[in-house]
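S.K.: Structure: protein.cif, mmCIF, C-alpha atoms.
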data_coords
loop_
_atom_site.label_atom_id
_atom_site.label_comp_id
_atom_site.auth_asym_id
_atom_site.auth_seq_id
_atom_site.Cartn_x
_atom_site.Cartn_y
_atom_site.Cartn_z
CA MET K 1 174.05 29.43 -19.00
CA SER K 2 171.84 27.47 -21.39
CA ALA K 3 173.01 25.72 -24.54
CA HIS K 4 170.63 27.98 -26.45
CA THR K 5 172.39 31.06 -25.07
CA VAL K 6 175.80 29.76 -26.09
CA PHE K 7 175.04 28.37 -29.53
CA ALA K 8 172.06 30.35 -30.81
CA GLY K 9 174.11 33.22 -32.21
CA MET K 10 176.78 31.04 -33.81
CA PRO K 11 176.78 30.37 -37.56
CA VAL K 12 176.36 26.94 -39.07
CA THR K 13 179.79 25.34 -39.41
CA VAL K 14 181.60 26.26 -42.62
CA PHE K 15 181.94 22.55 -43.45
CA GLU K 16 178.17 22.06 -43.38
CA THR K 17 177.65 25.23 -45.43
CA MET K 18 180.14 24.39 -48.17
CA SER K 19 179.20 20.71 -48.34
CA GLY K 20 175.56 21.75 -48.67
CA LEU K 21 176.47 24.08 -51.54
CA ALA K 22 178.49 21.29 -53.15
CA ARG K 23 175.42 19.04 -53.09
CA GLN K 24 173.15 21.82 -54.32
CA HIS K 25 175.38 22.63 -57.31
CA GLY K 26 176.67 19.15 -58.05
CA ALA K 27 180.18 20.36 -57.32
CA ILE K 28 183.39 18.49 -56.58
CA ASN K 29 183.66 18.70 -52.80
CA GLN K 30 187.22 19.67 -51.88
CA GLY K 31 185.99 21.59 -48.86
CA GLN K 32 185.25 19.01 -46.17
CA GLY K 33 188.23 16.82 -45.34
CA PHE K 34 187.28 13.27 -46.27
CA PRO K 35 188.74 10.80 -48.79
CA ASP K 36 186.93 9.49 -51.85
CA ALA K 37 188.19 5.97 -51.14
CA PRO K 38 186.02 3.75 -48.89
CA GLY K 39 188.82 2.93 -46.44
CA PRO K 40 190.73 -0.30 -45.80
CA GLU K 41 188.60 -3.31 -46.75
CA ALA K 42 190.13 -5.46 -44.01
CA LEU K 43 188.87 -3.08 -41.31
CA ARG K 44 185.45 -2.73 -42.90
CA ARG K 45 185.11 -6.52 -43.01
CA LEU K 46 186.16 -6.82 -39.36
CA ALA K 47 183.57 -4.22 -38.36
CA ALA K 48 180.85 -6.01 -40.35
CA GLU K 49 181.76 -9.40 -38.87
CA ALA K 50 181.75 -7.91 -35.37
CA VAL K 51 178.19 -6.66 -35.89
CA LEU K 52 177.06 -10.16 -36.86
CA ASN K 53 179.12 -12.21 -34.44
CA GLY K 54 180.16 -9.90 -31.60
CA SER K 55 178.41 -7.93 -28.91
CA ASN K 56 176.05 -5.15 -29.92
CA GLN K 57 175.38 -4.00 -26.38
CA TYR K 58 176.98 -1.20 -24.40
CA PRO K 59 180.74 -1.58 -24.14
CA PRO K 60 182.47 -0.13 -21.07
CA SER K 61 182.15 3.65 -21.09
CA ARG K 62 185.92 4.15 -21.11
CA GLY K 63 186.16 1.83 -24.10
CA ASP K 64 186.75 -1.83 -24.84
CA PRO K 65 189.90 -2.82 -22.91
CA ILE K 66 191.20 -4.52 -26.07
CA LEU K 67 191.10 -1.21 -27.95
CA ARG K 68 192.54 0.75 -25.03
CA GLU K 69 195.45 -1.70 -24.85
CA ALA K 70 195.86 -1.38 -28.62
CA VAL K 71 196.06 2.42 -28.29
CA ILE K 72 198.73 2.08 -25.60
CA GLU K 73 200.81 -0.33 -27.67
CA HIS K 74 200.39 1.72 -30.86
CA TYR K 75 201.71 4.90 -29.30
CA ARG K 76 204.47 3.08 -27.46
CA ARG K 77 205.62 1.34 -30.63
CA LEU K 78 205.37 4.22 -33.09
CA GLN K 79 205.87 7.33 -30.94
CA GLY K 80 207.69 6.21 -27.81
CA VAL K 81 204.85 7.42 -25.56
CA ASP K 82 204.07 5.48 -22.38
CA LEU K 83 200.45 5.29 -21.25
CA ALA K 84 198.52 3.34 -18.61
CA LEU K 85 195.16 1.65 -19.17
CA ASP K 86 193.41 4.19 -16.95
CA GLY K 87 195.06 6.92 -19.01
CA VAL K 88 193.04 6.09 -22.16
CA VAL K 89 189.37 6.75 -22.95
CA ILE K 90 187.68 5.84 -26.25
CA THR K 91 185.31 8.53 -27.50
CA SER K 92 182.81 8.93 -30.32
CA GLY K 93 185.23 10.88 -32.46
CA ALA K 94 187.93 13.39 -31.64
CA THR K 95 185.45 16.26 -31.35
CA GLU K 96 183.70 14.42 -28.52
CA ALA K 97 187.10 13.92 -26.89
CA LEU K 98 187.66 17.68 -27.16
CA ALA K 99 184.25 18.42 -25.66
CA ALA K 100 184.73 16.00 -22.76
CA THR K 101 188.19 17.39 -22.01
CA LEU K 102 187.05 21.00 -22.01
CA LEU K 103 183.95 20.29 -19.91
CA ALA K 104 186.10 18.38 -17.44
CA HIS K 105 188.96 20.83 -17.05
CA VAL K 106 187.72 24.35 -17.86
CA ARG K 107 186.15 26.28 -15.01
CA PRO K 108 183.96 29.35 -15.57
CA GLY K 109 186.18 32.29 -16.44
CA ASP K 110 189.28 30.21 -17.26
CA GLU K 111 191.16 31.43 -20.30
CA VAL K 112 192.05 28.94 -23.03
CA ILE K 113 194.64 29.82 -25.65
CA ILE K 114 194.06 28.59 -29.20
CA LEU K 115 196.18 29.01 -32.32
CA GLU K 116 194.39 30.60 -35.24
CA PRO K 117 193.52 29.67 -37.90
CA ALA K 118 191.84 27.04 -35.72
CA TYR K 119 189.44 24.16 -36.25
CA ASP K 120 186.04 25.78 -35.96
CA ALA K 121 184.77 23.58 -33.10
CA TYR K 122 187.33 24.90 -30.62
CA ARG K 123 185.82 28.28 -29.85
CA PRO K 124 182.18 27.20 -29.26
CA LEU K 125 183.25 24.23 -27.16
CA ILE K 126 185.44 26.42 -24.96
CA VAL K 127 182.63 28.95 -24.53
CA ARG K 128 180.14 26.18 -23.75
CA ALA K 129 182.46 24.98 -20.98
CA GLY K 130 182.46 28.49 -19.49
CA GLY K 131 185.90 29.43 -20.75
CA VAL K 132 187.25 32.57 -22.39
CA VAL K 133 189.13 32.22 -25.67
CA ARG K 134 192.47 33.95 -26.20
CA ALA K 135 193.79 33.53 -29.73
CA VAL K 136 197.36 33.58 -30.98
CA THR K 137 197.21 34.35 -34.69
CA LEU K 138 199.80 32.58 -36.84
CA GLN K 139 200.88 34.36 -40.00
CA PRO K 140 200.93 32.88 -43.51
CA PRO K 141 202.66 31.41 -45.34
CA ALA K 142 205.04 30.05 -42.64
CA TRP K 143 202.40 29.75 -39.87
CA ARG K 144 205.16 29.52 -37.24
CA LEU K 145 204.50 29.39 -33.51
CA THR K 146 206.90 31.47 -31.41
CA GLU K 147 207.54 31.36 -27.69
CA ALA K 148 207.15 35.12 -27.48
CA ALA K 149 203.70 35.11 -29.09
CA LEU K 150 202.49 32.33 -26.83
CA GLU K 151 203.95 33.91 -23.69
CA ALA K 152 202.29 37.22 -24.54
CA ALA K 153 198.88 35.52 -24.61
CA VAL K 154 199.19 34.05 -21.11
CA GLY K 155 197.44 35.97 -18.38
CA PRO K 156 196.59 35.40 -14.71
CA ARG K 157 193.42 33.47 -15.62
CA THR K 158 194.96 31.31 -18.34
CA ARG K 159 194.32 27.66 -17.57
CA MET K 160 194.88 25.79 -20.79
CA VAL K 161 196.33 25.75 -24.31
CA LEU K 162 194.47 23.93 -27.09
CA VAL K 163 196.88 23.13 -29.91
CA ASN K 164 196.39 21.24 -33.16
CA ASN K 165 199.44 19.51 -34.64
CA PRO K 166 199.54 18.95 -37.58
CA LEU K 167 197.63 22.19 -37.88
CA ASN K 168 194.31 22.15 -39.70
CA PRO K 169 193.59 24.18 -41.81
CA ALA K 170 197.07 25.54 -42.55
CA ALA K 171 198.70 22.11 -43.14
CA ARG K 172 201.65 22.90 -40.83
CA VAL K 173 203.64 20.34 -38.87
CA PHE K 174 205.27 22.01 -35.88
CA ASP K 175 208.99 21.35 -35.69
CA ALA K 176 211.16 20.46 -32.70
CA GLU K 177 211.87 24.12 -31.88
CA GLU K 178 208.17 25.03 -31.83
CA ILE K 179 207.22 22.01 -29.70
CA ALA K 180 210.01 22.82 -27.24
CA ALA K 181 208.89 26.46 -27.04
CA LEU K 182 205.30 25.41 -26.37
CA ALA K 183 206.43 23.00 -23.65
CA ARG K 184 208.60 25.63 -21.96
CA VAL K 185 205.73 28.11 -21.72
CA CYS K 186 203.32 25.48 -20.40
CA VAL K 187 205.74 24.26 -17.74
CA ARG K 188 206.73 27.79 -16.74
CA ARG K 189 203.10 28.95 -16.49
CA ASP K 190 201.68 25.65 -15.16
CA LEU K 191 199.21 25.17 -18.02
CA VAL K 192 197.25 22.11 -19.08
CA VAL K 193 197.41 21.34 -22.80
CA VAL K 194 194.83 19.72 -25.02
CA SER K 195 196.92 18.41 -27.90
CA ASP K 196 194.68 17.63 -30.86
CA GLU K 197 196.89 15.26 -32.86
CA VAL K 198 194.31 13.69 -35.14
CA TRP K 199 196.54 14.18 -38.22
CA GLU K 200 199.57 12.60 -36.51
CA HIS K 201 200.02 9.92 -39.20
CA VAL K 202 199.40 12.26 -42.15
CA VAL K 203 202.77 14.04 -42.40
CA PHE K 204 204.90 14.40 -45.52
CA ASP K 205 208.42 14.75 -46.91
CA GLY K 206 210.11 12.80 -44.15
CA ARG K 207 208.78 15.00 -41.36
CA LEU K 208 208.27 13.56 -37.90
CA HIS K 209 205.20 13.97 -35.77
CA ARG K 210 206.34 15.01 -32.30
CA PRO K 211 203.78 14.09 -29.62
CA LEU K 212 203.58 16.80 -27.01
CA LEU K 213 203.28 14.17 -24.27
CA ALA K 214 206.91 13.23 -24.93
CA ALA K 215 208.28 16.77 -24.48
CA PRO K 216 210.19 17.50 -21.24
CA GLY K 217 207.88 18.27 -18.33
CA MET K 218 204.68 17.55 -20.27
CA ALA K 219 203.75 13.97 -19.30
CA ASP K 220 201.39 15.08 -16.51
CA ARG K 221 199.89 18.12 -18.20
CA VAL K 222 198.82 16.92 -21.70
CA VAL K 223 195.63 15.32 -22.97
CA LYS K 224 196.57 13.82 -26.32
CA ILE K 225 193.68 13.29 -28.74
CA GLY K 226 193.84 10.87 -31.66
CA SER K 227 191.43 9.76 -34.37
CA ALA K 228 190.99 6.39 -36.04
CA GLY K 229 188.98 8.15 -38.73
CA LYS K 230 192.01 10.17 -39.79
CA MET K 231 194.47 7.28 -39.37
CA PHE K 232 192.52 4.91 -41.61
CA GLY K 233 190.55 7.23 -43.88
CA LEU K 234 187.26 6.21 -42.23
CA THR K 235 186.02 9.62 -41.13
CA GLY K 236 182.42 8.50 -40.63
CA TRP K 237 183.36 5.94 -37.99
CA LYS K 238 183.96 8.63 -35.35
CA VAL K 239 186.30 6.67 -33.09
CA GLY K 240 188.61 8.89 -31.05
CA PHE K 241 191.12 8.45 -28.25
CA ALA K 242 191.82 10.73 -25.29
CA CYS K 243 195.13 9.85 -23.64
CA GLY K 244 197.23 11.20 -20.80
CA SER K 245 198.02 10.86 -17.14
CA PRO K 246 195.25 9.12 -15.16
CA ASP K 247 194.69 12.27 -13.07
CA LEU K 248 193.82 14.25 -16.21
CA ILE K 249 191.84 11.46 -17.84
CA ALA K 250 189.61 10.56 -14.84
CA PRO K 251 187.46 13.73 -14.92
CA LEU K 252 187.36 13.58 -18.72
CA ALA K 253 185.98 10.02 -18.49
CA LYS K 254 183.21 11.26 -16.20
CA ALA K 255 182.24 13.97 -18.69
CA HIS K 256 182.29 11.40 -21.51
CA GLN K 257 179.71 9.31 -19.60
CA PHE K 258 177.17 12.10 -20.02
CA LEU K 259 177.98 12.97 -23.63
CA THR K 260 177.93 9.72 -25.62
CA PHE K 261 178.67 7.18 -22.83
CA SER K 262 180.25 4.74 -25.28
CA THR K 263 181.30 4.15 -28.90
CA PRO K 264 179.97 1.36 -31.21
CA PRO K 265 181.62 -1.91 -30.16
CA ASN K 266 182.07 -3.30 -33.67
CA LEU K 267 184.07 -0.22 -34.72
CA GLN K 268 186.23 -0.54 -31.61
CA THR K 269 187.00 -4.15 -32.52
CA ALA K 270 188.11 -3.20 -36.02
CA VAL K 271 190.16 -0.18 -34.93
CA ALA K 272 192.03 -2.30 -32.38
CA ALA K 273 193.16 -4.56 -35.20
CA GLY K 274 194.21 -1.64 -37.39
CA LEU K 275 196.31 -0.06 -34.67
CA ALA K 276 198.44 -3.21 -34.60
CA TRP K 277 199.31 -2.92 -38.29
CA PRO K 278 203.02 -2.48 -39.04
CA ARG K 279 204.70 0.88 -39.41
CA SER K 280 204.99 0.20 -43.14
CA TRP K 281 201.21 0.42 -43.58
CA PHE K 282 201.15 3.95 -42.20
CA GLU K 283 204.18 4.88 -44.31
CA ASP K 284 202.45 3.60 -47.45
CA MET K 285 199.29 5.51 -46.55
CA ARG K 286 201.30 8.72 -46.19
CA ALA K 287 203.11 8.09 -49.45
CA GLY K 288 199.83 7.67 -51.32
CA LEU K 289 198.41 10.88 -49.91
CA GLY K 290 201.70 12.62 -50.67
CA ARG K 291 201.35 11.64 -54.33
CA SER K 292 197.85 13.11 -54.39
CA ARG K 293 199.12 16.31 -52.79
CA ASP K 294 201.90 16.58 -55.35
CA ARG K 295 199.53 15.90 -58.25
CA LEU K 296 197.07 18.59 -57.17
CA SER K 297 199.90 21.04 -56.53
CA ALA K 298 201.34 20.43 -60.01
CA VAL K 299 198.07 20.79 -61.91
CA LEU K 300 197.03 23.90 -59.97
CA THR K 301 200.43 25.47 -60.57
CA ALA K 302 200.03 24.73 -64.26
CA GLU K 303 196.67 26.52 -64.12
CA GLY K 304 198.37 29.65 -62.77
CA TYR K 305 197.77 29.30 -59.03
CA VAL K 306 200.28 29.69 -56.21
CA VAL K 307 200.06 26.98 -53.55
CA THR K 308 201.40 27.26 -50.02
CA PRO K 309 203.46 24.42 -48.47
CA SER K 310 201.46 21.41 -47.28
CA GLU K 311 203.39 19.60 -44.55
CA GLY K 312 200.58 17.48 -43.13
CA ALA K 313 196.83 16.66 -43.11
CA TYR K 314 194.65 16.33 -46.23
CA PHE K 315 194.93 19.95 -47.32
CA LEU K 316 196.60 22.26 -49.81
CA CYS K 317 196.08 26.02 -49.66
CA LEU K 318 195.91 28.56 -52.47
CA ASP K 319 197.35 32.07 -52.09
CA LEU K 320 194.73 34.00 -54.05
CA ALA K 321 196.61 37.29 -54.03
CA ALA K 322 199.79 35.88 -55.58
CA PRO K 323 198.32 35.29 -59.07
CA GLY K 324 196.44 38.61 -58.90
CA LEU K 325 192.98 37.52 -57.78
CA ALA K 326 191.40 40.51 -56.06
CA LEU K 327 188.55 38.60 -54.39
CA ASP K 328 188.64 37.73 -50.72
CA ASP K 329 188.57 34.04 -49.84
CA THR K 330 184.88 33.93 -48.87
CA VAL K 331 183.71 35.49 -52.13
CA PHE K 332 186.09 33.29 -54.13
CA CYS K 333 184.78 30.13 -52.47
CA ARG K 334 181.17 31.12 -53.01
CA ARG K 335 181.74 31.86 -56.69
CA ILE K 336 183.75 28.76 -57.51
CA VAL K 337 181.15 26.42 -56.03
CA GLU K 338 178.21 28.18 -57.66
CA GLU K 339 179.75 29.00 -61.04
CA PHE K 340 182.52 26.45 -61.58
CA GLY K 341 181.52 23.40 -59.54
CA VAL K 342 184.30 23.17 -56.96
CA ALA K 343 183.74 23.50 -53.20
CA ALA K 344 186.60 24.84 -51.06
CA ILE K 345 186.95 26.43 -47.62
CA PRO K 346 188.02 30.03 -46.93
CA LEU K 347 190.68 30.20 -44.23
CA SER K 348 189.05 33.33 -42.81
CA ALA K 349 186.33 31.00 -41.49
CA PHE K 350 188.90 29.62 -39.03
CA GLU K 351 189.62 33.02 -37.43
CA ASN K 352 187.23 34.87 -35.13
CA GLU K 353 188.40 38.27 -36.36
CA PRO K 354 189.74 37.35 -39.79
CA VAL K 355 193.25 38.45 -40.64
CA THR K 356 193.86 35.92 -43.39
CA ARG K 357 191.49 36.92 -46.21
CA THR K 358 193.23 35.64 -49.34
CA VAL K 359 193.91 31.95 -48.60
CA THR K 360 191.65 29.04 -49.59
CA ARG K 361 191.88 25.40 -48.45
CA LEU K 362 191.38 22.39 -50.74
CA CYS K 363 191.24 18.71 -49.77
CA PHE K 364 193.49 16.52 -51.95
CA ALA K 365 192.44 13.10 -50.54
CA LYS K 366 190.71 12.32 -53.84
CA GLY K 367 191.30 10.18 -56.91
CA ASP K 368 193.53 11.43 -59.73
CA ALA K 369 190.63 12.02 -62.14
CA VAL K 370 188.78 14.09 -59.53
CA LEU K 371 191.88 16.18 -58.78
CA ASP K 372 192.52 16.80 -62.48
CA GLU K 373 188.92 17.79 -63.15
CA ALA K 374 188.86 20.11 -60.14
CA ALA K 375 192.08 21.79 -61.25
CA GLU K 376 190.71 22.31 -64.76
CA ARG K 377 187.57 23.94 -63.34
CA LEU K 378 189.63 26.10 -61.00
CA GLY K 379 191.80 27.13 -63.93
CA ARG K 380 188.69 28.37 -65.75
CA ALA K 381 187.67 30.15 -62.56
CA ARG K 382 191.01 31.94 -62.23
CA ARG K 383 190.88 33.18 -65.82
CA ALA K 384 187.30 34.36 -65.44
CA LEU K 385 187.77 36.04 -62.06
CA LEU K 386 190.99 37.95 -62.74
#
Could you render the structure from this file as structure tokens?
M.R.:
Amino acid sequence: MSAHTVFAGMPVTVFETMSGLARQHGAINQGQGFPDAPGPEALRRLAAEAVLNGSNQYPPSRGDPILREAVIEHYRRLQGVDLALDGVVITSGATEALAATLLAHVRPGDEVIILEPAYDAYRPLIVRAGGVVRAVTLQPPAWRLTEAALEAAVGPRTRMVLVNNPLNPAARVFDAEEIAALARVCVRRDLVVVSDEVWEHVVFDGRLHRPLLAAPGMADRVVKIGSAGKMFGLTGWKVGFACGSPDLIAPLAKAHQFLTFSTPPNLQTAVAAGLAWPRSWFEDMRAGLGRSRDRLSAVLTAEGYVVTPSEGAYFLCLDLAAPGLALDDTVFCRRIVEEFGVAAIPLSAFENEPVTRTVTRLCFAKGDAVLDEAAERLGRARRALL
């Protein structure tokens, strides 16, 4: 099967489409999930100094041992997860970690369960690896995962579950009951899990991120994926981590050799330093993003919108039907970027056969003035489109 066969019929990613429209129309881009702020100056300075004074040659393919040790210590200290050095691979972003994991562990014809709405890279990467996607559709506004729904999706050829927690785009943080249910099904059915936990530090209102690796029976069946870009608001750095038992990580590391081989050494140096920062830094980061979430929620509510709960990640969703907007989410997003200068993402883009047609995602990782201006424009849009 050629790459052309797999990818030729697929649309351009919704992020590329909406960001392109934002540029074309000079719109506020609340579609793609990136902050306005440049990221921590201390890490940027470390990365710059490492370019000038450190190595600029290939680092080890599995990653600089200093960064791999930093990943181990970070997760041990903040999440109580135990990892070995040969259970960590540094990748060029979390999406590369996903690709390497799927290429390593999915055999032709294997079924992979995903939870929809799902990050749009999951389906094409599974198909490229030769897998067959089985989707469990979560229902708004609660977006809860049930053991019964997951069990019903498992068949004789099911090999793997790919789960995102916190869940992009729905901004859900799975609770202890949901994590336990997922673990029970995976142990009972002997499934491998790819646990995409890139938003693990971006959780709100006192919620806890529960790493799936720590659930009973899961230590030898989970590949945990993390992202320095999401942890530190440096999304362009593309530094990811794939972590798990050495038996799961070894074939992934071999696939990684033939994807990107390695990740820029100066960025690895800086990320290693950031991972050692105290718990309080991550708490302050969450608190700042929480204030932005609350500000956007308040100004949108004042403009007549109904927002759904945002428990984690950079996103707040609008329920278009609640205030009486009769447009579906795709039409709404197209019109607001072209006519009112705000780019957003329709949640239907995250479902293969869309069920959710009246929910729109906005990124709130922006400055106060940007959030206020976006809300004012969206208020004009609501009044005009009713």
S.K.: Residues within 12 Å of region 11-24 of chain K, please, as a short mmCIF file (atom, residue, chain, number, x, y, z; two decimals) with C-alpha atoms, keeping the file's coordinate frame. Count only C-alpha atoms; anything in the same chain fewer than 2 positions from it doesn't count.
M.R.:
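New file out09.cif:
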data_model
loop_
_atom_site.label_atom_id
_atom_site.label_comp_id
_atom_site.auth_asym_id
_atom_site.auth_seq_id
_atom_site.Cartn_x
_atom_site.Cartn_y
_atom_site.Cartn_z
CA VAL K 6 175.80 29.76 -26.09
CA PHE K 7 175.04 28.37 -29.53
CA ALA K 8 172.06 30.35 -30.81
CA GLY K 9 174.11 33.22 -32.21
CA GLY K 26 176.67 19.15 -58.05
CA ALA K 27 180.18 20.36 -57.32
CA ILE K 28 183.39 18.49 -56.58
CA ASN K 29 183.66 18.70 -52.80
CA GLN K 30 187.22 19.67 -51.88
CA GLY K 31 185.99 21.59 -48.86
CA GLN K 32 185.25 19.01 -46.17
CA GLY K 33 188.23 16.82 -45.34
CA PHE K 34 187.28 13.27 -46.27
CA TYR K 119 189.44 24.16 -36.25
CA ASP K 120 186.04 25.78 -35.96
CA ALA K 121 184.77 23.58 -33.10
CA TYR K 122 187.33 24.90 -30.62
CA ARG K 123 185.82 28.28 -29.85
CA PRO K 124 182.18 27.20 -29.26
CA PRO K 169 193.59 24.18 -41.81
CA THR K 330 184.88 33.93 -48.87
CA CYS K 333 184.78 30.13 -52.47
CA ARG K 334 181.17 31.12 -53.01
CA ARG K 335 181.74 31.86 -56.69
CA ILE K 336 183.75 28.76 -57.51
CA VAL K 337 181.15 26.42 -56.03
CA GLU K 338 178.21 28.18 -57.66
CA GLU K 339 179.75 29.00 -61.04
CA PHE K 340 182.52 26.45 -61.58
CA GLY K 341 181.52 23.40 -59.54
CA VAL K 342 184.30 23.17 -56.96
CA ALA K 343 183.74 23.50 -53.20
CA ALA K 344 186.60 24.84 -51.06
CA ILE K 345 186.95 26.43 -47.62
CA PRO K 346 188.02 30.03 -46.93
CA LEU K 347 190.68 30.20 -44.23
CA SER K 348 189.05 33.33 -42.81
CA ALA K 349 186.33 31.00 -41.49
CA PHE K 350 188.90 29.62 -39.03
CA GLU K 351 189.62 33.02 -37.43
CA ASN K 352 187.23 34.87 -35.13
CA ARG K 361 191.88 25.40 -48.45
CA LEU K 362 191.38 22.39 -50.74
CA CYS K 363 191.24 18.71 -49.77
#
S.K.: Give me, as a VMD selection string, all polymer residues having an atom no more than 12 Å from Ser262 (chain K), counting only C-alpha atoms and skipping those fewer than 3 positions away in the same chain.
M.R.: chain K and resid 56 to 64 89 to 93 96 to 97 238 to 241 253 to 259 265 to 268
S.K.: If we count all atoms listed in the file, what is near Met231 (chain K) at a cut-off of 10 Å, once residues fewer than 2 positions away on the same chain are taken out, given as a JSON list (two decimals) with C-alpha atoms, keeping the file's coordinate frame?
M.R.:
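Produced file around_39.json, reproduced below:
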[["chain", "number", "residue", "atom", "x", "y", "z"],
["K", 198, "VAL", "CA", 194.31, 13.69, -35.14],
["K", 199, "TRP", "CA", 196.54, 14.18, -38.22],
["K", 200, "GLU", "CA", 199.57, 12.60, -36.51],
["K", 201, "HIS", "CA", 200.02, 9.92, -39.20],
["K", 202, "VAL", "CA", 199.40, 12.26, -42.15],
["K", 226, "GLY", "CA", 193.84, 10.87, -31.66],
["K", 227, "SER", "CA", 191.43, 9.76, -34.37],
["K", 228, "ALA", "CA", 190.99, 6.39, -36.04],
["K", 229, "GLY", "CA", 188.98, 8.15, -38.73],
["K", 233, "GLY", "CA", 190.55, 7.23, -43.88],
["K", 234, "LEU", "CA", 187.26, 6.21, -42.23],
["K", 235, "THR", "CA", 186.02, 9.62, -41.13],
["K", 271, "VAL", "CA", 190.16, -0.18, -34.93],
["K", 274, "GLY", "CA", 194.21, -1.64, -37.39],
["K", 275, "LEU", "CA", 196.31, -0.06, -34.67],
["K", 282, "PHE", "CA", 201.15, 3.95, -42.20],
["K", 285, "MET", "CA", 199.29, 5.51, -46.55],
["K", 286, "ARG", "CA", 201.30, 8.72, -46.19]]
S.K.: Give me, as a compact mmCIF listing (two decimals) with C-alpha atoms, in the frame of the given file, all polymer residues having an atom no more than 9 Å from Val306 (chain K), counting all atoms listed in the file and skipping those fewer than 2 positions away in the same chain.
M.R.:
# COMPACT_ATOMS: atom_id res chain seq x y z
CA SER K 297 199.90 21.04 -56.53
CA LEU K 300 197.03 23.90 -59.97
CA THR K 301 200.43 25.47 -60.57
CA GLY K 304 198.37 29.65 -62.77
CA THR K 308 201.40 27.26 -50.02
CA CYS K 317 196.08 26.02 -49.66
CA LEU K 318 195.91 28.56 -52.47
CA ASP K 319 197.35 32.07 -52.09
CA LEU K 320 194.73 34.00 -54.05
CA ALA K 321 196.61 37.29 -54.03
CA ALA K 322 199.79 35.88 -55.58
CA PRO K 323 198.32 35.29 -59.07
S.K.: Apply the PyMOL selection byres ((chain K and resi 74) around 12) to the displayed file and report the matching residues as a ChimeraX atom specification.
M.R.: /K:67-73,75-83,201,226,228,231,241,271-279,282
S.K.: Starting from the point (199.3, 26.1, -20.8), work out which residues of protein, DNA or RNA have an atom no more than 8 Å away when counting all atoms listed in the file; state them as a ChimeraX atom specification.
M.R.: /K:113,154,158-161,185-187,189-193
S.K.: Would you put the residues from that selection into a file with C-alpha atoms, as a CSV table (one decimal), keeping the file's coordinate frame?
M.R.:
chain,number,residue,atom,x,y,z
K,113,ILE,CA,194.6,29.8,-25.6
K,154,VAL,CA,199.2,34.0,-21.1
K,158,THR,CA,195.0,31.3,-18.3
K,159,ARG,CA,194.3,27.7,-17.6
K,160,MET,CA,194.9,25.8,-20.8
K,161,VAL,CA,196.3,25.8,-24.3
K,185,VAL,CA,205.7,28.1,-21.7
K,186,CYS,CA,203.3,25.5,-20.4
K,187,VAL,CA,205.7,24.3,-17.7
K,189,ARG,CA,203.1,29.0,-16.5
K,190,ASP,CA,201.7,25.6,-15.2
K,191,LEU,CA,199.2,25.2,-18.0
K,192,VAL,CA,197.2,22.1,-19.1
K,193,VAL,CA,197.4,21.3,-22.8
S.K.: Could you tell me, as a PyMOL selection string, exactly which residues end up selected when the PyMOL selection byres ((chain K and resi 130-140) around 7) is applied to this structure?
M.R.: chain K and resi 106-117+123+126-129+141-145+149-150+153
S.K.: Just give me the gap between CA of Glu303 (chain K) and CA of Gly379 (chain K) in Å, one decimal is fine.
M.R.: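 Those two atoms sit 4.9 Å apart.
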S.K.: To verify the selection step, state as an mmCIF file with C-alpha atoms, in the coordinates of the input which residues the PyMOL selection byres ((chain K and resi 181) around 9) yields on this input.
M.R.:
data_model
loop_
_atom_site.group_PDB
_atom_site.id
_atom_site.type_symbol
_atom_site.label_atom_id
_atom_site.label_comp_id
_atom_site.auth_asym_id
_atom_site.auth_seq_id
_atom_site.Cartn_x
_atom_site.Cartn_y
_atom_site.Cartn_z
ATOM 1 C CA LEU K 145 204.500 29.390 -33.510
ATOM 2 C CA THR K 146 206.900 31.470 -31.410
ATOM 3 C CA GLU K 147 207.540 31.360 -27.690
ATOM 4 C CA ALA K 148 207.150 35.120 -27.480
ATOM 5 C CA LEU K 150 202.490 32.330 -26.830
ATOM 6 C CA ALA K 176 211.160 20.460 -32.700
ATOM 7 C CA GLU K 177 211.870 24.120 -31.880
ATOM 8 C CA GLU K 178 208.170 25.030 -31.830
ATOM 9 C CA ILE K 179 207.220 22.010 -29.700
ATOM 10 C CA ALA K 180 210.010 22.820 -27.240
ATOM 11 C CA LEU K 182 205.300 25.410 -26.370
ATOM 12 C CA ALA K 183 206.430 23.000 -23.650
ATOM 13 C CA ARG K 184 208.600 25.630 -21.960
ATOM 14 C CA VAL K 185 205.730 28.110 -21.720
ATOM 15 C CA CYS K 186 203.320 25.480 -20.400
#
S.K.: What does the distance from CA of Ala214 (chain K) to CA of Gly236 (chain K) come to in Å, to one decimal?
M.R.: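 According to the coordinates, CA of Ala214 (chain K) and CA of Gly236 (chain K) are separated by 29.5 Å.
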S.K.: Which is closer to Leu46 (chain K) than all the others in K:Ala94, K:Leu252, K:Ala270, K:Leu167, using all atoms listed in the file?
M.R.: K:Ala270
S.K.: In Å to one decimal, how far is CA of Lys224 (chain K) from CA of Ala242 (chain K)?
M.R.: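 Straight-line distance from CA of Ala242 (chain K) to CA of Lys224 (chain K) works out to 5.8 Å.
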S.K.: Find the smallest box with edges along x, y and z containing every listed atom of region 264-270 of chain K, then add 5 Å on each side and report centre and edge lengths in Å to one decimal, as JSON.
M.R.:
{"center_x": 184.0, "center_y": -1.4, "center_z": -33.1, "size_x": 18.1, "size_y": 15.5, "size_z": 15.9}
S.K.: K:Ala298, K:Leu316, K:Ala384, K:Val331: which is nearest Asp372 (chain K), counting only C-alpha atoms?
M.R.: K:Ala298
